[in-house]
Amino acid sequence: MGPGPSDVPPRVLRALASPTVGHLDPYYLRVMNETRELLKRTFRTDNELTFPISATGMAGMEAAVVNLIEPGDEMIVGVNGVFGERMCDVAARAGATVHRVEAPWGTTIEPDAIRAALSANPNVKVVGIVHAETSTGAHQPLEEIGKTVREHDALFLVDAVTSLGGAPLEIDAWHVDACYSGSQKCLSCPPGLSPVTFSPRAIERIEKRTSKVQSWYLDVSMIKSYWGGERAYHHTAPVNMTYAMREALRMVHEEGLEQRWARHATHHRALRAGLEALGLRYVPERSLPMLNAVHVPAGVDDAATRKALLEQHGIEIGGGLGPFKGKAWRVGLMGASCTRRHVTTLLGALGSLLPNASAGEALAAADRAYSS
């Protein structure tokens with residue numbers, strides 16, 4: 001129950017263990033097509049260039065940035081946690097002039113701040129925002145920012161590593177031009193793939209580049225020939241991971257995407273009620289359903305408590321990052337790990353470990369939330 005990876009269902013693990021075929025085998029090409037269509041439905045997009053990057057979520061971030069940015073381009077990045085900082089770093093390494101729009105950790109970026117930054121910097125090519133800031137649990141609204149970015153004719157880049165499949169994300173409706181995620185969070189697939197999607201506007205920008213993409217491996221102009229009709233060899237795809245991704249996405253859509261969002265919201269409300277009954281305070285003003293960040297209570301040893309949870313109860317939660325190191329816990333409710341059993345088991349365990357806490361009160365609070 002940390003910030004990822006989540007539990008992987010046996011069905012996905014069985015798919016991962018299926019016989020390996022060649023990365024240009026006709027059967028595998030069909031698997032690729034099915035995976036792409038399932039990802040399009042999950043991202044809520046018609047973008048044809050939608051596929052999993054053959055690496056983890058940070059490669060998705062790098063792929064999006066280095067393909068959309070050329071040296072000397074200007075980029076706005078919203079910074080309210082670790083992953084906004086990381087996007088700034090990746091953009092600077094790609095040669096961008098980065099304009100930071102900052103908000104305190106645990107808060108979200110205001111649309112007016114993005115609007116002001118775009119007005120002050122009319123040559124900005126890309127605006128990058130983290131939808132689910134995993135370091136703080138902050139849930140960033142996107143719709144108004146997407147409209148603003150489109151009005152200024154810039155491209156809108158979104159980090160959805162933690163949110164895809166667990167909270168509403170509307171790529172086309174919210175004017176998102178490029179987005180990346182990770183396989184190991186709400187999709188409950190093993191770590192190793194980063195789903196990405198690029199809009200026609202983003203593809204046009206890539207095709208008009210005057211310089212080569214910084215990364216050969218992540219150059220979308222070449223990868224799209226492999227995932228498109230040409231099937232031109234680019235790299236040896238992780239065949240078995242694609243099997244697993246397809247199966248995980250099948251499970252998403254068998255449940256129903258909206259129903260999956262609702263499940264995450266329901267268990268989040270119950271967990272929050274229980275954690276607050278234990279005396280824990282949430283870090284973010286606007287919390288993600290799948291990543292619950294809470295302050296470590298005064299006088300409680302962060303590392304010792306997490307160690308006891310793991311060794312005595314078999315529960316893993318995450319510690320804080322950056323300024324929250326040693327001061328916050330990050331509790332994941334992602335995909336297959338988002339169940340009532342996970343919620344009640346954690347509340348019971350924390351109630352037995354924290355001083356002056358009552359597991360009974362926490363569980364009763366969670367039950368009331370489930371009943372409401």
# chains A, B, ... in the order shown; residues from 1 in each chain; ligands from 1

$ closest_atom_pairs --of "segment 235-317 of chain A" --to "segment 166-173 of chain A" --cutoff "7 Å" --atoms "only C-alpha atoms" --output "JSON lines"
{"residue": "A:Arg260", "atom": "CA", "partner": "A:Gly166", "partner_atom": "CA", "distance": 6.4}
{"residue": "A:Trp261", "atom": "CA", "partner": "A:Ala167", "partner_atom": "CA", "distance": 4.9}
{"residue": "A:His264", "atom": "CA", "partner": "A:Gly166", "partner_atom": "CA", "distance": 6.0}
{"residue": "A:Met290", "atom": "CA", "partner": "A:Gly166", "partner_atom": "CA", "distance": 6.6}

$ residues_around --residues "Tyr370 of chain A" --least-positions-apart "2" --cutoff "12 Å" --atoms "only C-alpha atoms" --output "PDB file with all heavy atoms, in the first residue's frame"
ATOM      1  N   ARG A 263     -14.741   3.283  -7.559  1.00  0.00           N
ATOM      2  CA  ARG A 263     -14.191   2.390  -6.526  1.00  0.00           C
ATOM      3  C   ARG A 263     -13.055   3.067  -5.775  1.00  0.00           C
ATOM      4  O   ARG A 263     -12.977   2.995  -4.536  1.00  0.00           O
ATOM      5  CB  ARG A 263     -13.719   1.078  -7.166  1.00  0.00           C
ATOM      6  CG  ARG A 263     -12.944   0.185  -6.197  1.00  0.00           C
ATOM      7  CD  ARG A 263     -12.802  -1.234  -6.721  1.00  0.00           C
ATOM      8  NE  ARG A 263     -12.082  -1.333  -7.970  1.00  0.00           N
ATOM      9  CZ  ARG A 263     -10.747  -1.410  -8.086  1.00  0.00           C
ATOM     10  NH1 ARG A 263      -9.994  -1.362  -6.993  1.00  0.00           N
ATOM     11  NH2 ARG A 263     -10.173  -1.537  -9.272  1.00  0.00           N
ATOM     12  N   ALA A 265     -12.579   6.248  -5.385  1.00  0.00           N
ATOM     13  CA  ALA A 265     -13.131   7.336  -4.571  1.00  0.00           C
ATOM     14  C   ALA A 265     -13.805   6.798  -3.313  1.00  0.00           C
ATOM     15  O   ALA A 265     -13.656   7.360  -2.218  1.00  0.00           O
ATOM     16  CB  ALA A 265     -14.125   8.156  -5.401  1.00  0.00           C
ATOM     17  N   THR A 266     -14.536   5.696  -3.439  1.00  0.00           N
ATOM     18  CA  THR A 266     -15.240   5.116  -2.294  1.00  0.00           C
ATOM     19  C   THR A 266     -14.273   4.665  -1.204  1.00  0.00           C
ATOM     20  O   THR A 266     -14.441   4.993  -0.012  1.00  0.00           O
ATOM     21  CB  THR A 266     -16.096   3.922  -2.752  1.00  0.00           C
ATOM     22  OG1 THR A 266     -17.124   4.389  -3.617  1.00  0.00           O
ATOM     23  CG2 THR A 266     -16.714   3.200  -1.560  1.00  0.00           C
ATOM     24  N   HIS A 267     -13.249   3.923  -1.587  1.00  0.00           N
ATOM     25  CA  HIS A 267     -12.307   3.417  -0.580  1.00  0.00           C
ATOM     26  C   HIS A 267     -11.431   4.535  -0.022  1.00  0.00           C
ATOM     27  O   HIS A 267     -11.024   4.487   1.151  1.00  0.00           O
ATOM     28  CB  HIS A 267     -11.471   2.284  -1.169  1.00  0.00           C
ATOM     29  CG  HIS A 267     -12.288   1.070  -1.504  1.00  0.00           C
ATOM     30  ND1 HIS A 267     -13.058   0.424  -0.570  1.00  0.00           N
ATOM     31  CD2 HIS A 267     -12.467   0.387  -2.672  1.00  0.00           C
ATOM     32  CE1 HIS A 267     -13.687  -0.603  -1.131  1.00  0.00           C
ATOM     33  NE2 HIS A 267     -13.341  -0.634  -2.411  1.00  0.00           N
ATOM     34  N   HIS A 268     -11.172   5.549  -0.841  1.00  0.00           N
ATOM     35  CA  HIS A 268     -10.434   6.715  -0.327  1.00  0.00           C
ATOM     36  C   HIS A 268     -11.223   7.404   0.782  1.00  0.00           C
ATOM     37  O   HIS A 268     -10.658   7.756   1.831  1.00  0.00           O
ATOM     38  CB  HIS A 268     -10.160   7.703  -1.463  1.00  0.00           C
ATOM     39  CG  HIS A 268      -9.858   9.094  -0.988  1.00  0.00           C
ATOM     40  ND1 HIS A 268      -8.682   9.425  -0.345  1.00  0.00           N
ATOM     41  CD2 HIS A 268     -10.592  10.246  -1.041  1.00  0.00           C
ATOM     42  CE1 HIS A 268      -8.698  10.718  -0.035  1.00  0.00           C
ATOM     43  NE2 HIS A 268      -9.848  11.225  -0.434  1.00  0.00           N
ATOM     44  N   ARG A 269     -12.525   7.606   0.567  1.00  0.00           N
ATOM     45  CA  ARG A 269     -13.324   8.287   1.586  1.00  0.00           C
ATOM     46  C   ARG A 269     -13.323   7.502   2.903  1.00  0.00           C
ATOM     47  O   ARG A 269     -13.217   8.091   3.984  1.00  0.00           O
ATOM     48  CB  ARG A 269     -14.756   8.484   1.091  1.00  0.00           C
ATOM     49  CG  ARG A 269     -14.905   9.575   0.039  1.00  0.00           C
ATOM     50  CD  ARG A 269     -16.360   9.914  -0.201  1.00  0.00           C
ATOM     51  NE  ARG A 269     -17.097   8.788  -0.772  1.00  0.00           N
ATOM     52  CZ  ARG A 269     -17.250   8.595  -2.073  1.00  0.00           C
ATOM     53  NH1 ARG A 269     -16.702   9.430  -2.949  1.00  0.00           N
ATOM     54  NH2 ARG A 269     -17.946   7.559  -2.514  1.00  0.00           N
ATOM     55  N   ALA A 270     -13.421   6.175   2.796  1.00  0.00           N
ATOM     56  CA  ALA A 270     -13.411   5.350   4.010  1.00  0.00           C
ATOM     57  C   ALA A 270     -12.049   5.386   4.692  1.00  0.00           C
ATOM     58  O   ALA A 270     -11.967   5.498   5.930  1.00  0.00           O
ATOM     59  CB  ALA A 270     -13.796   3.919   3.654  1.00  0.00           C
ATOM     60  N   LEU A 271     -10.992   5.289   3.905  1.00  0.00           N
ATOM     61  CA  LEU A 271      -9.650   5.341   4.494  1.00  0.00           C
ATOM     62  C   LEU A 271      -9.417   6.685   5.158  1.00  0.00           C
ATOM     63  O   LEU A 271      -8.889   6.756   6.279  1.00  0.00           O
ATOM     64  CB  LEU A 271      -8.589   5.091   3.421  1.00  0.00           C
ATOM     65  CG  LEU A 271      -7.141   5.176   3.916  1.00  0.00           C
ATOM     66  CD1 LEU A 271      -6.840   4.084   4.934  1.00  0.00           C
ATOM     67  CD2 LEU A 271      -6.160   5.096   2.758  1.00  0.00           C
ATOM     68  N   ARG A 272      -9.825   7.751   4.484  1.00  0.00           N
ATOM     69  CA  ARG A 272      -9.618   9.079   5.063  1.00  0.00           C
ATOM     70  C   ARG A 272     -10.359   9.209   6.390  1.00  0.00           C
ATOM     71  O   ARG A 272      -9.804   9.729   7.371  1.00  0.00           O
ATOM     72  CB  ARG A 272     -10.079  10.155   4.080  1.00  0.00           C
ATOM     73  CG  ARG A 272      -9.903  11.560   4.644  1.00  0.00           C
ATOM     74  CD  ARG A 272      -9.995  12.636   3.602  1.00  0.00           C
ATOM     75  NE  ARG A 272      -9.547  13.900   4.168  1.00  0.00           N
ATOM     76  CZ  ARG A 272      -8.936  14.851   3.490  1.00  0.00           C
ATOM     77  NH1 ARG A 272      -8.687  14.687   2.209  1.00  0.00           N
ATOM     78  NH2 ARG A 272      -8.558  15.975   4.075  1.00  0.00           N
ATOM     79  N   ALA A 273     -11.605   8.749   6.423  1.00  0.00           N
ATOM     80  CA  ALA A 273     -12.361   8.831   7.675  1.00  0.00           C
ATOM     81  C   ALA A 273     -11.657   8.068   8.788  1.00  0.00           C
ATOM     82  O   ALA A 273     -11.573   8.541   9.931  1.00  0.00           O
ATOM     83  CB  ALA A 273     -13.770   8.287   7.455  1.00  0.00           C
ATOM     84  N   GLY A 274     -11.128   6.888   8.465  1.00  0.00           N
ATOM     85  CA  GLY A 274     -10.446   6.097   9.468  1.00  0.00           C
ATOM     86  C   GLY A 274      -9.134   6.710   9.930  1.00  0.00           C
ATOM     87  O   GLY A 274      -8.827   6.730  11.128  1.00  0.00           O
ATOM     88  N   THR A 339      -9.108  -1.916  -2.071  1.00  0.00           N
ATOM     89  CA  THR A 339     -10.222  -2.749  -1.629  1.00  0.00           C
ATOM     90  C   THR A 339     -10.566  -2.417  -0.176  1.00  0.00           C
ATOM     91  O   THR A 339      -9.763  -1.819   0.550  1.00  0.00           O
ATOM     92  CB  THR A 339      -9.883  -4.254  -1.708  1.00  0.00           C
ATOM     93  OG1 THR A 339      -8.930  -4.572  -0.682  1.00  0.00           O
ATOM     94  CG2 THR A 339      -9.311  -4.635  -3.069  1.00  0.00           C
ATOM     95  N   ARG A 340     -11.744  -2.851   0.248  1.00  0.00           N
ATOM     96  CA  ARG A 340     -12.146  -2.642   1.640  1.00  0.00           C
ATOM     97  C   ARG A 340     -11.213  -3.394   2.580  1.00  0.00           C
ATOM     98  O   ARG A 340     -10.889  -2.904   3.669  1.00  0.00           O
ATOM     99  CB  ARG A 340     -13.594  -3.094   1.830  1.00  0.00           C
ATOM    100  CG  ARG A 340     -14.156  -2.773   3.206  1.00  0.00           C
ATOM    101  CD  ARG A 340     -15.665  -2.891   3.227  1.00  0.00           C
ATOM    102  NE  ARG A 340     -16.216  -2.479   4.513  1.00  0.00           N
ATOM    103  CZ  ARG A 340     -17.467  -2.101   4.703  1.00  0.00           C
ATOM    104  NH1 ARG A 340     -18.311  -2.086   3.668  1.00  0.00           N
ATOM    105  NH2 ARG A 340     -17.894  -1.732   5.901  1.00  0.00           N
ATOM    106  N   VAL A 343      -8.172  -1.338   3.227  1.00  0.00           N
ATOM    107  CA  VAL A 343      -8.484  -0.206   4.095  1.00  0.00           C
ATOM    108  C   VAL A 343      -8.581  -0.649   5.547  1.00  0.00           C
ATOM    109  O   VAL A 343      -7.938  -0.080   6.450  1.00  0.00           O
ATOM    110  CB  VAL A 343      -9.801   0.468   3.650  1.00  0.00           C
ATOM    111  CG1 VAL A 343     -10.270   1.491   4.701  1.00  0.00           C
ATOM    112  CG2 VAL A 343      -9.620   1.151   2.301  1.00  0.00           C
ATOM    113  N   THR A 344      -9.374  -1.672   5.824  1.00  0.00           N
ATOM    114  CA  THR A 344      -9.604  -2.072   7.214  1.00  0.00           C
ATOM    115  C   THR A 344      -8.369  -2.712   7.839  1.00  0.00           C
ATOM    116  O   THR A 344      -8.092  -2.510   9.029  1.00  0.00           O
ATOM    117  CB  THR A 344     -10.802  -3.029   7.302  1.00  0.00           C
ATOM    118  OG1 THR A 344     -10.579  -4.169   6.460  1.00  0.00           O
ATOM    119  CG2 THR A 344     -12.083  -2.337   6.869  1.00  0.00           C
ATOM    120  N   LEU A 363     -12.046   2.002  12.576  1.00  0.00           N
ATOM    121  CA  LEU A 363     -12.837   1.082  11.760  1.00  0.00           C
ATOM    122  C   LEU A 363     -14.307   1.498  11.742  1.00  0.00           C
ATOM    123  O   LEU A 363     -14.983   1.377  10.711  1.00  0.00           O
ATOM    124  CB  LEU A 363     -12.682  -0.342  12.288  1.00  0.00           C
ATOM    125  CG  LEU A 363     -11.289  -0.946  12.084  1.00  0.00           C
ATOM    126  CD1 LEU A 363     -11.132  -2.226  12.890  1.00  0.00           C
ATOM    127  CD2 LEU A 363     -11.014  -1.216  10.614  1.00  0.00           C
ATOM    128  N   ALA A 364     -14.794   2.012  12.862  1.00  0.00           N
ATOM    129  CA  ALA A 364     -16.182   2.493  12.892  1.00  0.00           C
ATOM    130  C   ALA A 364     -16.356   3.700  11.977  1.00  0.00           C
ATOM    131  O   ALA A 364     -17.374   3.824  11.276  1.00  0.00           O
ATOM    132  CB  ALA A 364     -16.571   2.846  14.327  1.00  0.00           C
ATOM    133  N   ALA A 365     -15.366   4.577  11.957  1.00  0.00           N
ATOM    134  CA  ALA A 365     -15.436   5.741  11.079  1.00  0.00           C
ATOM    135  C   ALA A 365     -15.439   5.311   9.610  1.00  0.00           C
ATOM    136  O   ALA A 365     -16.170   5.878   8.790  1.00  0.00           O
ATOM    137  CB  ALA A 365     -14.273   6.694  11.369  1.00  0.00           C
ATOM    138  N   ALA A 366     -14.603   4.330   9.291  1.00  0.00           N
ATOM    139  CA  ALA A 366     -14.566   3.826   7.926  1.00  0.00           C
ATOM    140  C   ALA A 366     -15.907   3.190   7.553  1.00  0.00           C
ATOM    141  O   ALA A 366     -16.426   3.395   6.442  1.00  0.00           O
ATOM    142  CB  ALA A 366     -13.434   2.813   7.749  1.00  0.00           C
ATOM    143  N   ASP A 367     -16.489   2.430   8.480  1.00  0.00           N
ATOM    144  CA  ASP A 367     -17.788   1.803   8.210  1.00  0.00           C
ATOM    145  C   ASP A 367     -18.861   2.857   7.945  1.00  0.00           C
ATOM    146  O   ASP A 367     -19.706   2.696   7.042  1.00  0.00           O
ATOM    147  CB  ASP A 367     -18.215   0.938   9.402  1.00  0.00           C
ATOM    148  CG  ASP A 367     -17.485  -0.396   9.444  1.00  0.00           C
ATOM    149  OD1 ASP A 367     -16.963  -0.802   8.382  1.00  0.00           O
ATOM    150  OD2 ASP A 367     -17.436  -1.012  10.522  1.00  0.00           O
ATOM    151  N   ARG A 368     -18.835   3.933   8.707  1.00  0.00           N
ATOM    152  CA  ARG A 368     -19.815   5.006   8.483  1.00  0.00           C
ATOM    153  C   ARG A 368     -19.641   5.619   7.110  1.00  0.00           C
ATOM    154  O   ARG A 368     -20.625   5.950   6.412  1.00  0.00           O
ATOM    155  CB  ARG A 368     -19.703   6.076   9.571  1.00  0.00           C
ATOM    156  CG  ARG A 368     -20.206   5.614  10.933  1.00  0.00           C
ATOM    157  CD  ARG A 368     -20.343   6.800  11.886  1.00  0.00           C
ATOM    158  NE  ARG A 368     -19.056   7.411  12.207  1.00  0.00           N
ATOM    159  CZ  ARG A 368     -18.271   7.019  13.212  1.00  0.00           C
ATOM    160  NH1 ARG A 368     -18.647   5.988  13.988  1.00  0.00           N
ATOM    161  NH2 ARG A 368     -17.133   7.638  13.457  1.00  0.00           N
ATOM    162  N   SER A 372     -22.433   5.754   4.002  1.00  0.00           N
ATOM    163  CA  SER A 372     -23.012   7.060   3.631  1.00  0.00           C
ATOM    164  C   SER A 372     -23.158   7.199   2.126  1.00  0.00           C
ATOM    165  O   SER A 372     -22.536   6.486   1.362  1.00  0.00           O
ATOM    166  CB  SER A 372     -22.151   8.180   4.169  1.00  0.00           C
ATOM    167  OG  SER A 372     -20.853   8.160   3.570  1.00  0.00           O
TER     168      SER A 372
END

$ residues_around --residues "Ala15 of chain A" --least-positions-apart "2" --cutoff "6 Å" --atoms "only C-alpha atoms" --output "number ranges by chain"
A: 12-13, 17-18, 243-244

$ residues_around --residues "Gln140 of chain A" --least-positions-apart "4" --cutoff "10 Å" --atoms "only C-alpha atoms" --output "PyMOL selection string"
chain A and resi 80+107-110+129-133+145+286-288

$ write_last_selection --atoms "C-alpha atoms" --output "compact mmCIF listing (two decimals), in the first residue's frame"
# COMPACT_ATOMS: atom_id res chain seq x y z
CA ASN A 80 4.40 21.78 -6.32
CA THR A 107 -1.32 22.61 -2.76
CA THR A 108 -2.24 22.73 -6.45
CA ILE A 109 -1.34 25.10 -9.28
CA GLU A 110 -3.93 27.83 -9.87
CA ILE A 129 1.59 19.95 -15.20
CA VAL A 130 1.57 16.98 -12.81
CA HIS A 131 -2.00 15.66 -12.50
CA ALA A 132 -1.20 13.41 -9.52
CA GLU A 133 1.74 14.69 -7.49
CA ILE A 145 -5.58 24.98 -17.46
CA ARG A 286 -7.11 18.44 -2.45
CA SER A 287 -6.26 14.75 -2.04
CA LEU A 288 -5.82 12.10 -4.66

$ closest_residue --among "A:Pro10, A:Pro111, A:Gly128, A:Pro71" --to "Met251 of chain A" --atoms "only C-alpha atoms"
A:Pro10

$ select_by_dssp --residues "segment 139-328 of chain A" --states "strand (DSSP E or B)" --output "ChimeraX atom specification"
/A:139,155-159,178-180,194-198,282,287,291-295,318-319,328

$ write_last_selection --atoms "C-alpha atoms" --output "compact mmCIF listing (two decimals), in the first residue's frame"
# COMPACT_ATOMS: atom_id res chain seq x y z
CA HIS A 139 -4.83 16.16 -7.03
CA LEU A 155 1.02 22.29 -26.11
CA PHE A 156 -0.33 20.86 -22.87
CA LEU A 157 1.78 18.08 -21.31
CA VAL A 158 0.41 16.09 -18.34
CA ASP A 159 2.04 13.68 -15.89
CA ALA A 178 0.78 14.70 -24.54
CA CYS A 179 0.45 12.53 -21.48
CA TYR A 180 2.45 9.76 -19.84
CA SER A 194 5.02 3.80 -19.54
CA PRO A 195 1.80 4.40 -21.48
CA VAL A 196 1.97 7.62 -23.53
CA THR A 197 -0.34 9.45 -25.90
CA PHE A 198 0.36 12.27 -28.35
CA TYR A 282 -3.80 14.98 5.45
CA SER A 287 -6.26 14.75 -2.04
CA LEU A 291 -2.40 8.30 -2.93
CA ASN A 292 -3.17 9.40 0.62
CA ALA A 293 -0.42 11.56 2.14
CA VAL A 294 -0.70 12.22 5.88
CA HIS A 295 1.52 13.95 8.43
CA GLY A 318 5.74 4.94 1.70
CA GLY A 319 7.70 7.60 3.53
CA ALA A 328 4.76 12.18 6.13

$ residues_around --residues "Ala59 of chain A" --least-positions-apart "6" --cutoff "12 Å" --atoms "only C-alpha atoms" --output "number ranges by chain"
A: 52-53, 65-67, 86-87, 90, 159, 161, 179-183, 191-196, 215, 217-219
